[in-house]
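S.K.: To start, I am sharing the structure in question, which I have written as structure tokens.
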Amino acid sequence: MWKLTLKNLKARKLRLAMTALAVVLGVGFVAGTFVLTDTMNASFDSLFSDVNEGLDVIVRSESEFESQLGGSRQPVSESLIETIRDVDGVEAAAGNIQGYAQFVTDDGEAVTTGGAPTLGGAWYDEPQGSLVIREGEAPVGPGEVLVDAATADKHGFELGDTVTVITQIGPREFEVSGIAGFGEADNLGGATLATFDLPTSQELFNKPGQVDSIDIAAEDGVTAEELRRRIQRVLPDGVEAADAQEVAAEISNAIKEALGFFNTALLAFAGISLFVGAFLIFNTFSITVAQRTREFALLRALGASGGQVTGAVFLEALVIGLVASAAGILAGFGIALVLQVMLEAFGIELPSQDLVFLPRTGIVAAVLGISVTLVSAIAPARRAAKISPMAAMREMAPKVSGFSTRRTIAGLLVTLAGTGILFGGLYGDIGEPAQLVGAGAFVTFLGVAILAPLFSGQLANLIGYPLQVLRMPGKLARRNAARNPKRTAATAAALMIGLALVGLVSILGSSIKSSTSRILDESLEADFTVATGGFAPSFISPQVAADIASLPEVELTAPVRLGQFRRDGNNTFVVGIDPVSLEAVTDIDVTDGSLASLGDGEVLVHGDVAEELGIEVGDSLGMEFASAGERDLEITGLFDNKSLVQADYLLAIPTYETYFPEKVDLQVFVKVEEGVALADAREAIDGVLEGYPALELQDQTETKESQAEQVNQLLGMVSAMLGLALVIALFGITNTLALSVFERTRELGLLRAVGMSRRQTRRMIRWEAVIISIIGAVLGLAIGLFFGWALVKSLESEGISELTIPYGQLVAYVGAAAVAGVLAAMPPARRASRLNVLEAISTE
Amino acid sequence: MSLQSTDSAAPGSVQDLLSRAAVVAVDLVKIYGEGEAAVRALDGVSLVVPKGTFTAIMGPSGSGKSTLLQCVAALDDLTSGKVFVGGVEISGLDEKERTRLRRDKVGFIFQAFNLVPTLNALENITLPMDLAKKSPDKKWMEYLISTVGLGDRLHHLPGELSGGQQQRVAAARALASRPEIVFADEPTGNLDSRRGHELLDFLRRTVDEFGQTIVMVTHDPFAASIADRVVFLADGRVVEEMLDPKVDQILDLIKNLES
Ligand SMILES: Nc1ncnc2c1ncn2[C@@H]1O[C@H](COP(=O)(O)OP(=O)(O)O)[C@@H](O)[C@H]1O
Ligand SMILES: [Mg+2]
């Protein structure tokens, strides 16, 4: 059997290469994702293992948990530095401060990163840490700054230059005293860093007499652990001495965790590609088994058992799976690079580093590749076993019907199960919703794919109807697309999956856009919003809200701050607001209690959450803050509209400041004084914002546009990722048609002999591809519509209240699919038109 | 003598001959392969097929019958020699022109697999005209359809027709665009004798009633006896010709040739 299998594999190089390529692409994407994320992790590890080089112990205030927003620890008193210096075994100790600091370029643009923070810090000479001055000197006094080498290089900052740095107290000019790097690296994971002397930092980051941490080096002969214990003894309550290397690992892990979202997203895309690839593999096996009916029948006639025939097909699948998985793993390296470039195109820059290949990558990718191939081969292999020895004598290609009762029942059941799981995930209270929704979608796709052959023939006839007008090649294309419903259905199904997801994404995007736009119309009474532009996390100095509020043209400003606390072990968002001014700019729909009277130590909770937790006004709510631990706050009101504040919990700013050391705003709403023209007000506010190039002043329309822009950007990214699944699906069309052309060689020869021109031949194949593509697109978009509807409905409580279907866009997708079909048909069409007529007629 | 250099169409001139003949083949040589493995499938065959005649080609297996047909019908290239179909030289045509020639001037009937499985009988018959975007001559179609005798099976797919019906549809397809000439390569080879006779009768009638020109390769002396003339090939050469052949004469001749 081995010999036969190998012989078969050799004899059908083309078909084999086609099947293998599907596996290669799917496995490649999975491997590429692993390689990319492992590389990312490794680069952060190596970066942050160096960050605390030269340090042994770090003293800081205790924190209950790490907030994803950072800045969760309270500062400690500066006086502790002296106390620590007196501890036996301390070589050197110095105070460090961290905060938001953003450089401004010479053209007045704020320096942004691809997602990394823009940091400010304090310089110290001793202990010698990882930050090393490469040029110039340490910053001294209120007018000097030390710039990281990457930023200096990128924006042409040189020694003695005057640069503007924005911090929470506003923009200020500094002279560049020096340029520094972290060992070999020019910056830390893409973050920008402005370093000042300690007093300046304390002023800029609003921490008078305090430091965020104290960095300590041990004397020779004293271990870090020993020193840590000694220091801990002299510290007051709430302050801890931590191992410097452990702190480095903590930072690294926090960043990796934040990037975990990417890993998951990328793996999801990889899974989709593999799933689409599975259709391709299944289809190729089905077709090749059908084409080899005679061969198998002959084997059976010669005495091979059904089991042996199945075994031969399986063995083939195994060999293909093995070889293609190996190739796919290699391809993964290339795909990792492509993904990296794609992420960079969307502004997510990753530190460069050699690609990392862990054994896990190879094992998972190979197991997936081989098992997908084997599973795809099950049905075709069983079919091969059922071929009777008599089939050897019969003419090839018996009539294929897509209909069977079993198929109908199975398809309906699977589809129903899929939608059931989907809805369970959307509305139910079981398990992980995202995973349930994903699984539901997966099963639904399978169900529809099972059902598709029942109607793909009719659908092909319907879609191909206009081709009748084009007479002969079009007519034949239509018949060809309809002649084997199973094949057409399986080919279209691959495209269906991709388009369903693309359709879903665009429906979701449109709905989010129209819903936010409506929310802004209905509930935003502010005339302007001050926001930070782009993806990168930047903050607004509280000075901005104060300065704008003091303008005569402005009635009031309503700043919004964001923080995280923990409840039941989950990080949860909380928003700090000024009750009176918020009331003036938006209606949060208070159902119980009042917003204006929200006082210190009190919290306003969203109605749905209150209901879920079974709490009401007057109860106390336990909230765990990173800096302060568990605190009980009194619930003084419930609200129903969180579309503007975007959180379920509201604190007044004084309360917020008690628990969150960072004193920066995320967003500021501005209400203009009655009777003042918006244009005049805008001019006045722009005057205040002059020094803050990172900030944007948006009127209502612009706010809508900028929100839409953010949604579009995200959609663009998701669609680009889904692009690979679409490419695989299109590749499937090429594959199917190539195999069909091969199968129809004789028929093509006949057509050419009786006068079909090469052009007509190409057109016939192209139209067939177009019909298959449109079937896939139409089915996909129908499913996408359904998914989109279900998802949007389930997000109603999240403020996505409007279902908007971008019909124009969906129609454009169908058109794009048709065009893509034409492209996919090019190789097989060319092949068909180049067939040697005589040889074609005389093939068996 | 150059065949193209004469422009007069005076009786007896080359031009006159060419225009009265459906096919003129001059000194055809076809060599397959190269070097030691080379096969001279046609070794200097010259043949004139007058319009409105039925020619049968016979000869032992491997004598070059199919090759002759394919070369004359623009399905294959010649090594040397010239072929004129309806007065037009086809030897130098490019792929596009050959396709057009096959579509408009030539009809084909193969031994088997003559029909496109996704088109019904009627659609198969009109296929060459559909490809040419021409509408068929109504009267001619009616005649063909009635002669094919498919009745209500006209709208059935080939897979639902018997072998004899399929070959008759193929014949009708070959004749539908009223080509200059119809080539048939053992069209009755896969049929029992009754179906074979029906097909031969059909072909004969188109020659008698409509002046169709047919060249048919056959092994069957009875089939050949239907023709106006039989040309015998052996080893890629014309070895004998017989006008108004009878079955016995053909059998005798074959016997003589073999000995
Ligand atoms: N494509 C080909 N390649 C090589 N030799 C060929 C090819 N086609 C035919 N021949 C050879 O040419 C000769 C004539 O073949 P053919 O015309 O098919 O004979 P017939 O139809 O009279 O049986 C034979 O010897 C055959 O083997
Ligand atoms: Mg032959």
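Labels for the structure tokens follow display order: chains A, B, ..., residues from 1 in each chain, ligands from 1.
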Give the residues of chain A that lie within 9 Å of chain B; count only C-alpha atoms, and format the answer as a list in words.

M.R.: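 That gives the following set of residues: Pro398, Lys399, Arg471, Met472, Pro473, Leu476, Arg479, Asn480, Arg483, Arg746, Glu747, Leu748, Leu750, Leu751, Arg752, Ala753, Val754, Gly755, Met756, Ser757, Arg758, Gln760, Val837, Leu838 and Ile841 of chain A.
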
S.K.: Keeping only N, CA, C and O atoms, write the selected residues to a file as an mmCIF file, in the first residue's frame.

M.R.:
```cif
data_model
loop_
_atom_site.group_PDB
_atom_site.id
_atom_site.type_symbol
_atom_site.label_atom_id
_atom_site.label_comp_id
_atom_site.auth_asym_id
_atom_site.auth_seq_id
_atom_site.Cartn_x
_atom_site.Cartn_y
_atom_site.Cartn_z
ATOM 1 N N PRO A 398 -20.301 10.226 -13.226
ATOM 2 C CA PRO A 398 -21.741 10.039 -13.201
ATOM 3 C C PRO A 398 -22.404 11.332 -12.749
ATOM 4 O O PRO A 398 -21.751 12.215 -12.217
ATOM 5 N N LYS A 399 -23.684 11.384 -12.971
ATOM 6 C CA LYS A 399 -24.390 12.609 -12.591
ATOM 7 C C LYS A 399 -24.312 12.822 -11.083
ATOM 8 O O LYS A 399 -24.527 11.902 -10.310
ATOM 9 N N ARG A 471 -24.737 34.514 -24.434
ATOM 10 C CA ARG A 471 -24.739 33.331 -25.275
ATOM 11 C C ARG A 471 -23.710 32.312 -24.841
ATOM 12 O O ARG A 471 -23.499 32.106 -23.663
ATOM 13 N N MET A 472 -23.016 31.738 -25.822
ATOM 14 C CA MET A 472 -22.400 30.447 -25.559
ATOM 15 C C MET A 472 -21.420 30.332 -24.399
ATOM 16 O O MET A 472 -21.681 29.539 -23.512
ATOM 17 N N PRO A 473 -20.341 31.063 -24.358
ATOM 18 C CA PRO A 473 -19.440 30.738 -23.245
ATOM 19 C C PRO A 473 -20.132 30.941 -21.893
ATOM 20 O O PRO A 473 -19.951 30.148 -20.975
ATOM 21 N N LEU A 476 -22.453 28.011 -21.026
ATOM 22 C CA LEU A 476 -21.701 26.839 -20.580
ATOM 23 C C LEU A 476 -21.145 27.046 -19.178
ATOM 24 O O LEU A 476 -21.132 26.117 -18.372
ATOM 25 N N ARG A 479 -23.850 26.352 -16.754
ATOM 26 C CA ARG A 479 -24.097 24.916 -16.592
ATOM 27 C C ARG A 479 -22.968 24.250 -15.816
ATOM 28 O O ARG A 479 -23.199 23.378 -14.989
ATOM 29 N N ASN A 480 -21.735 24.677 -16.097
ATOM 30 C CA ASN A 480 -20.603 24.069 -15.399
ATOM 31 C C ASN A 480 -20.650 24.354 -13.906
ATOM 32 O O ASN A 480 -20.344 23.491 -13.094
ATOM 33 N N ARG A 483 -23.240 22.095 -12.469
ATOM 34 C CA ARG A 483 -23.246 20.665 -12.764
ATOM 35 C C ARG A 483 -22.816 19.812 -11.607
ATOM 36 O O ARG A 483 -23.167 18.635 -11.527
ATOM 37 N N ARG A 746 -11.272 16.412 -22.052
ATOM 38 C CA ARG A 746 -11.809 15.904 -23.299
ATOM 39 C C ARG A 746 -12.921 16.807 -23.827
ATOM 40 O O ARG A 746 -13.018 17.090 -25.015
ATOM 41 N N GLU A 747 -13.742 17.241 -22.896
ATOM 42 C CA GLU A 747 -14.846 18.126 -23.257
ATOM 43 C C GLU A 747 -14.320 19.453 -23.809
ATOM 44 O O GLU A 747 -14.849 19.978 -24.795
ATOM 45 N N LEU A 748 -13.266 19.931 -23.173
ATOM 46 C CA LEU A 748 -12.666 21.181 -23.652
ATOM 47 C C LEU A 748 -12.094 20.984 -25.044
ATOM 48 O O LEU A 748 -12.223 21.850 -25.924
ATOM 49 N N LEU A 750 -13.139 18.897 -27.260
ATOM 50 C CA LEU A 750 -14.282 18.848 -28.175
ATOM 51 C C LEU A 750 -14.760 20.262 -28.510
ATOM 52 O O LEU A 750 -14.978 20.600 -29.678
ATOM 53 N N LEU A 751 -14.922 21.070 -27.458
ATOM 54 C CA LEU A 751 -15.397 22.433 -27.687
ATOM 55 C C LEU A 751 -14.449 23.199 -28.606
ATOM 56 O O LEU A 751 -14.872 23.900 -29.519
ATOM 57 N N ARG A 752 -13.174 23.020 -28.353
ATOM 58 C CA ARG A 752 -12.193 23.712 -29.191
ATOM 59 C C ARG A 752 -12.267 23.166 -30.612
ATOM 60 O O ARG A 752 -12.155 23.918 -31.584
ATOM 61 N N ALA A 753 -12.474 21.854 -30.741
ATOM 62 C CA ALA A 753 -12.508 21.249 -32.078
ATOM 63 C C ALA A 753 -13.689 21.773 -32.879
ATOM 64 O O ALA A 753 -13.578 21.990 -34.087
ATOM 65 N N VAL A 754 -14.827 21.977 -32.226
ATOM 66 C CA VAL A 754 -15.985 22.438 -32.992
ATOM 67 C C VAL A 754 -16.034 23.959 -33.048
ATOM 68 O O VAL A 754 -17.047 24.521 -33.454
ATOM 69 N N GLY A 755 -14.966 24.625 -32.661
ATOM 70 C CA GLY A 755 -14.893 26.042 -32.976
ATOM 71 C C GLY A 755 -14.927 27.016 -31.826
ATOM 72 O O GLY A 755 -15.090 28.209 -32.028
ATOM 73 N N MET A 756 -14.732 26.544 -30.586
ATOM 74 C CA MET A 756 -14.638 27.516 -29.504
ATOM 75 C C MET A 756 -13.237 28.122 -29.539
ATOM 76 O O MET A 756 -12.245 27.394 -29.593
ATOM 77 N N SER A 757 -13.187 29.440 -29.514
ATOM 78 C CA SER A 757 -11.880 30.093 -29.580
ATOM 79 C C SER A 757 -11.226 30.069 -28.211
ATOM 80 O O SER A 757 -11.869 29.786 -27.205
ATOM 81 N N ARG A 758 -9.941 30.374 -28.194
ATOM 82 C CA ARG A 758 -9.241 30.416 -26.905
ATOM 83 C C ARG A 758 -9.874 31.445 -25.990
ATOM 84 O O ARG A 758 -10.031 31.221 -24.802
ATOM 85 N N GLN A 760 -12.921 32.494 -25.983
ATOM 86 C CA GLN A 760 -14.207 32.000 -25.466
ATOM 87 C C GLN A 760 -13.977 30.976 -24.355
ATOM 88 O O GLN A 760 -14.721 30.933 -23.381
ATOM 89 N N VAL A 837 -5.619 20.685 -28.721
ATOM 90 C CA VAL A 837 -6.943 20.180 -29.064
ATOM 91 C C VAL A 837 -6.926 18.679 -29.332
ATOM 92 O O VAL A 837 -7.730 17.921 -28.791
ATOM 93 N N LEU A 838 -5.972 18.273 -30.148
ATOM 94 C CA LEU A 838 -5.918 16.861 -30.522
ATOM 95 C C LEU A 838 -5.699 15.949 -29.322
ATOM 96 O O LEU A 838 -6.403 14.960 -29.138
ATOM 97 N N ILE A 841 -8.775 15.777 -27.122
ATOM 98 C CA ILE A 841 -9.862 14.916 -27.596
ATOM 99 C C ILE A 841 -9.542 13.465 -27.336
ATOM 100 O O ILE A 841 -10.415 12.663 -27.038
#
```

S.K.: Would you name the residues within 12 Å of ligand 1, counting only C-alpha atoms and all ligand atoms, and put them as a ChimeraX atom specification?

M.R.: /A:836-843 /B:29-34,37-43,57-72,75-77,110-111,184-186,216-219,232-238

S.K.: Can you write just those residues out, C-alpha atoms, as a compact mmCIF listing (two decimals), in the first residue's frame?

M.R.:
```txt
# COMPACT_ATOMS: atom_id res chain seq x y z
CA ASN A 836 -3.69 20.90 -27.31
CA VAL A 837 -6.94 20.18 -29.06
CA LEU A 838 -5.92 16.86 -30.52
CA GLU A 839 -4.43 15.51 -27.32
CA ALA A 840 -7.41 16.73 -25.37
CA ILE A 841 -9.86 14.92 -27.60
CA SER A 842 -7.95 11.71 -27.38
CA THR A 843 -7.44 11.67 -23.60
CA VAL B 29 3.82 14.59 -45.09
CA LYS B 30 3.37 14.21 -41.36
CA ILE B 31 6.19 12.97 -39.18
CA TYR B 32 5.65 12.29 -35.49
CA GLY B 33 8.62 12.43 -33.19
CA GLU B 34 12.27 12.89 -34.07
CA ALA B 37 11.69 7.28 -33.05
CA ALA B 38 10.26 9.32 -35.92
CA VAL B 39 7.09 7.92 -37.50
CA ARG B 40 6.07 8.97 -41.00
CA ALA B 41 2.32 8.88 -40.44
CA LEU B 42 1.66 10.54 -43.81
CA ASP B 43 4.19 9.96 -46.53
CA ILE B 57 -11.06 6.29 -46.34
CA MET B 58 -9.97 2.78 -45.48
CA GLY B 59 -6.74 1.17 -44.51
CA PRO B 60 -5.15 -1.00 -41.88
CA SER B 61 -4.76 0.29 -38.37
CA GLY B 62 -1.87 2.73 -38.16
CA SER B 63 -1.95 3.53 -41.86
CA GLY B 64 -2.49 7.25 -41.20
CA LYS B 65 -6.26 7.62 -41.71
CA SER B 66 -6.89 9.63 -38.57
CA THR B 67 -3.76 11.68 -39.11
CA LEU B 68 -4.91 12.55 -42.62
CA LEU B 69 -8.30 13.63 -41.36
CA GLN B 70 -6.84 15.73 -38.55
CA CYS B 71 -4.34 17.47 -40.79
CA VAL B 72 -6.90 18.24 -43.43
CA LEU B 75 -6.63 20.07 -36.00
CA ASP B 76 -2.99 19.26 -36.50
CA ASP B 77 0.06 20.72 -38.26
CA PHE B 110 -15.73 11.53 -33.72
CA GLN B 111 -16.02 7.89 -32.82
CA ALA B 184 -16.11 11.63 -39.66
CA ASP B 185 -13.58 9.34 -37.96
CA GLU B 186 -15.16 5.91 -37.55
CA MET B 216 -15.38 9.38 -43.53
CA VAL B 217 -12.77 7.04 -42.11
CA THR B 218 -14.09 3.54 -41.58
CA HIS B 219 -13.05 -0.07 -41.06
CA PHE B 232 -7.19 3.11 -49.51
CA LEU B 233 -4.22 4.10 -47.37
CA ALA B 234 -1.26 2.00 -46.31
CA ASP B 235 1.86 3.18 -44.52
CA GLY B 236 0.89 6.80 -44.98
CA ARG B 237 0.36 6.57 -48.75
CA VAL B 238 -2.66 6.32 -51.01
```

S.K.: Between B:Arg153, B:Ser46, B:Leu243, B:Gly189, which one has atoms that come closest to ligand 2, using only C-alpha atoms and all ligand atoms?

M.R.: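 Once distances to ligand 2 are computed over only C-alpha atoms and all ligand atoms, the minimum belongs to B:Gly189.
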
S.K.: When DSSP is applied to the backbone of this structure, which of segment 648-777 of chain A are assigned helix (DSSP H, G or I)? Write them out as number ranges by chain.

M.R.: A: 653-659, 678-689, 700-743, 745-753, 758-777

S.K.: What's the 7 Å shell around segment 652-657 of chain A, counting only C-alpha atoms, without same-chain residues fewer than 4 positions away, as a list in words?

M.R.: Gly576, Ile577, Asp578, Pro579, Leu598, Gly599, Asp600, Gly601, Pro661 and Lys663 of chain A

S.K.: Apply DSSP to the structure's backbone, then extract all residues of segment 2-68 of chain B labelled strand (DSSP E or B) and return them as a PyMOL selection string.

M.R.: chain B and resi 21-32+39-50+54-58

S.K.: At a cut-off of 7 Å, using only C-alpha atoms, what residues contact segment 200-210 of chain B? Leave out same-chain residues fewer than 5 positions from it and give the result as a list of chain:residue names.

M.R.: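 Contacts, in chain order: B:Gly52, B:Thr53, B:Phe54, B:Ala223.
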
S.K.: Pick out the closest residue to Leu154 of chain B from this set: B:Ala121, B:Ile181, B:Ala172, B:Ile250. Count only C-alpha atoms.

M.R.: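 Nearest candidate to Leu154 of chain B out of B:Ala121, B:Ile181, B:Ala172, B:Ile250: B:Ala121.
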
S.K.: Can you list, as a PyMOL selection string, every protein, DNA or RNA residue that comes within 6 Å of Thr167 of chain A when you count only C-alpha atoms, leaving out same-chain residues fewer than 2 positions away?

M.R.: chain A and resi 100-101+169-170

S.K.: Could you save the residues just selected, with C-alpha atoms, as a tab-separated table (two decimals), in the first residue's frame?

M.R.:
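Result went into part_22.tsv, see below:
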```tsv
chain	number	residue	atom	x	y	z
A	100	TYR	CA	3.30	61.53	31.55
A	101	ALA	CA	5.68	63.70	29.50
A	169	ILE	CA	0.98	70.86	34.47
A	170	GLY	CA	1.15	72.00	30.86
```

S.K.: What does the distance from atom CA of Arg229 of chain B to atom CA of Lys139 of chain B come to in Å, to one decimal?

M.R.: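 Between atom CA of Arg229 of chain B and atom CA of Lys139 of chain B the gap is 29.5 Å.
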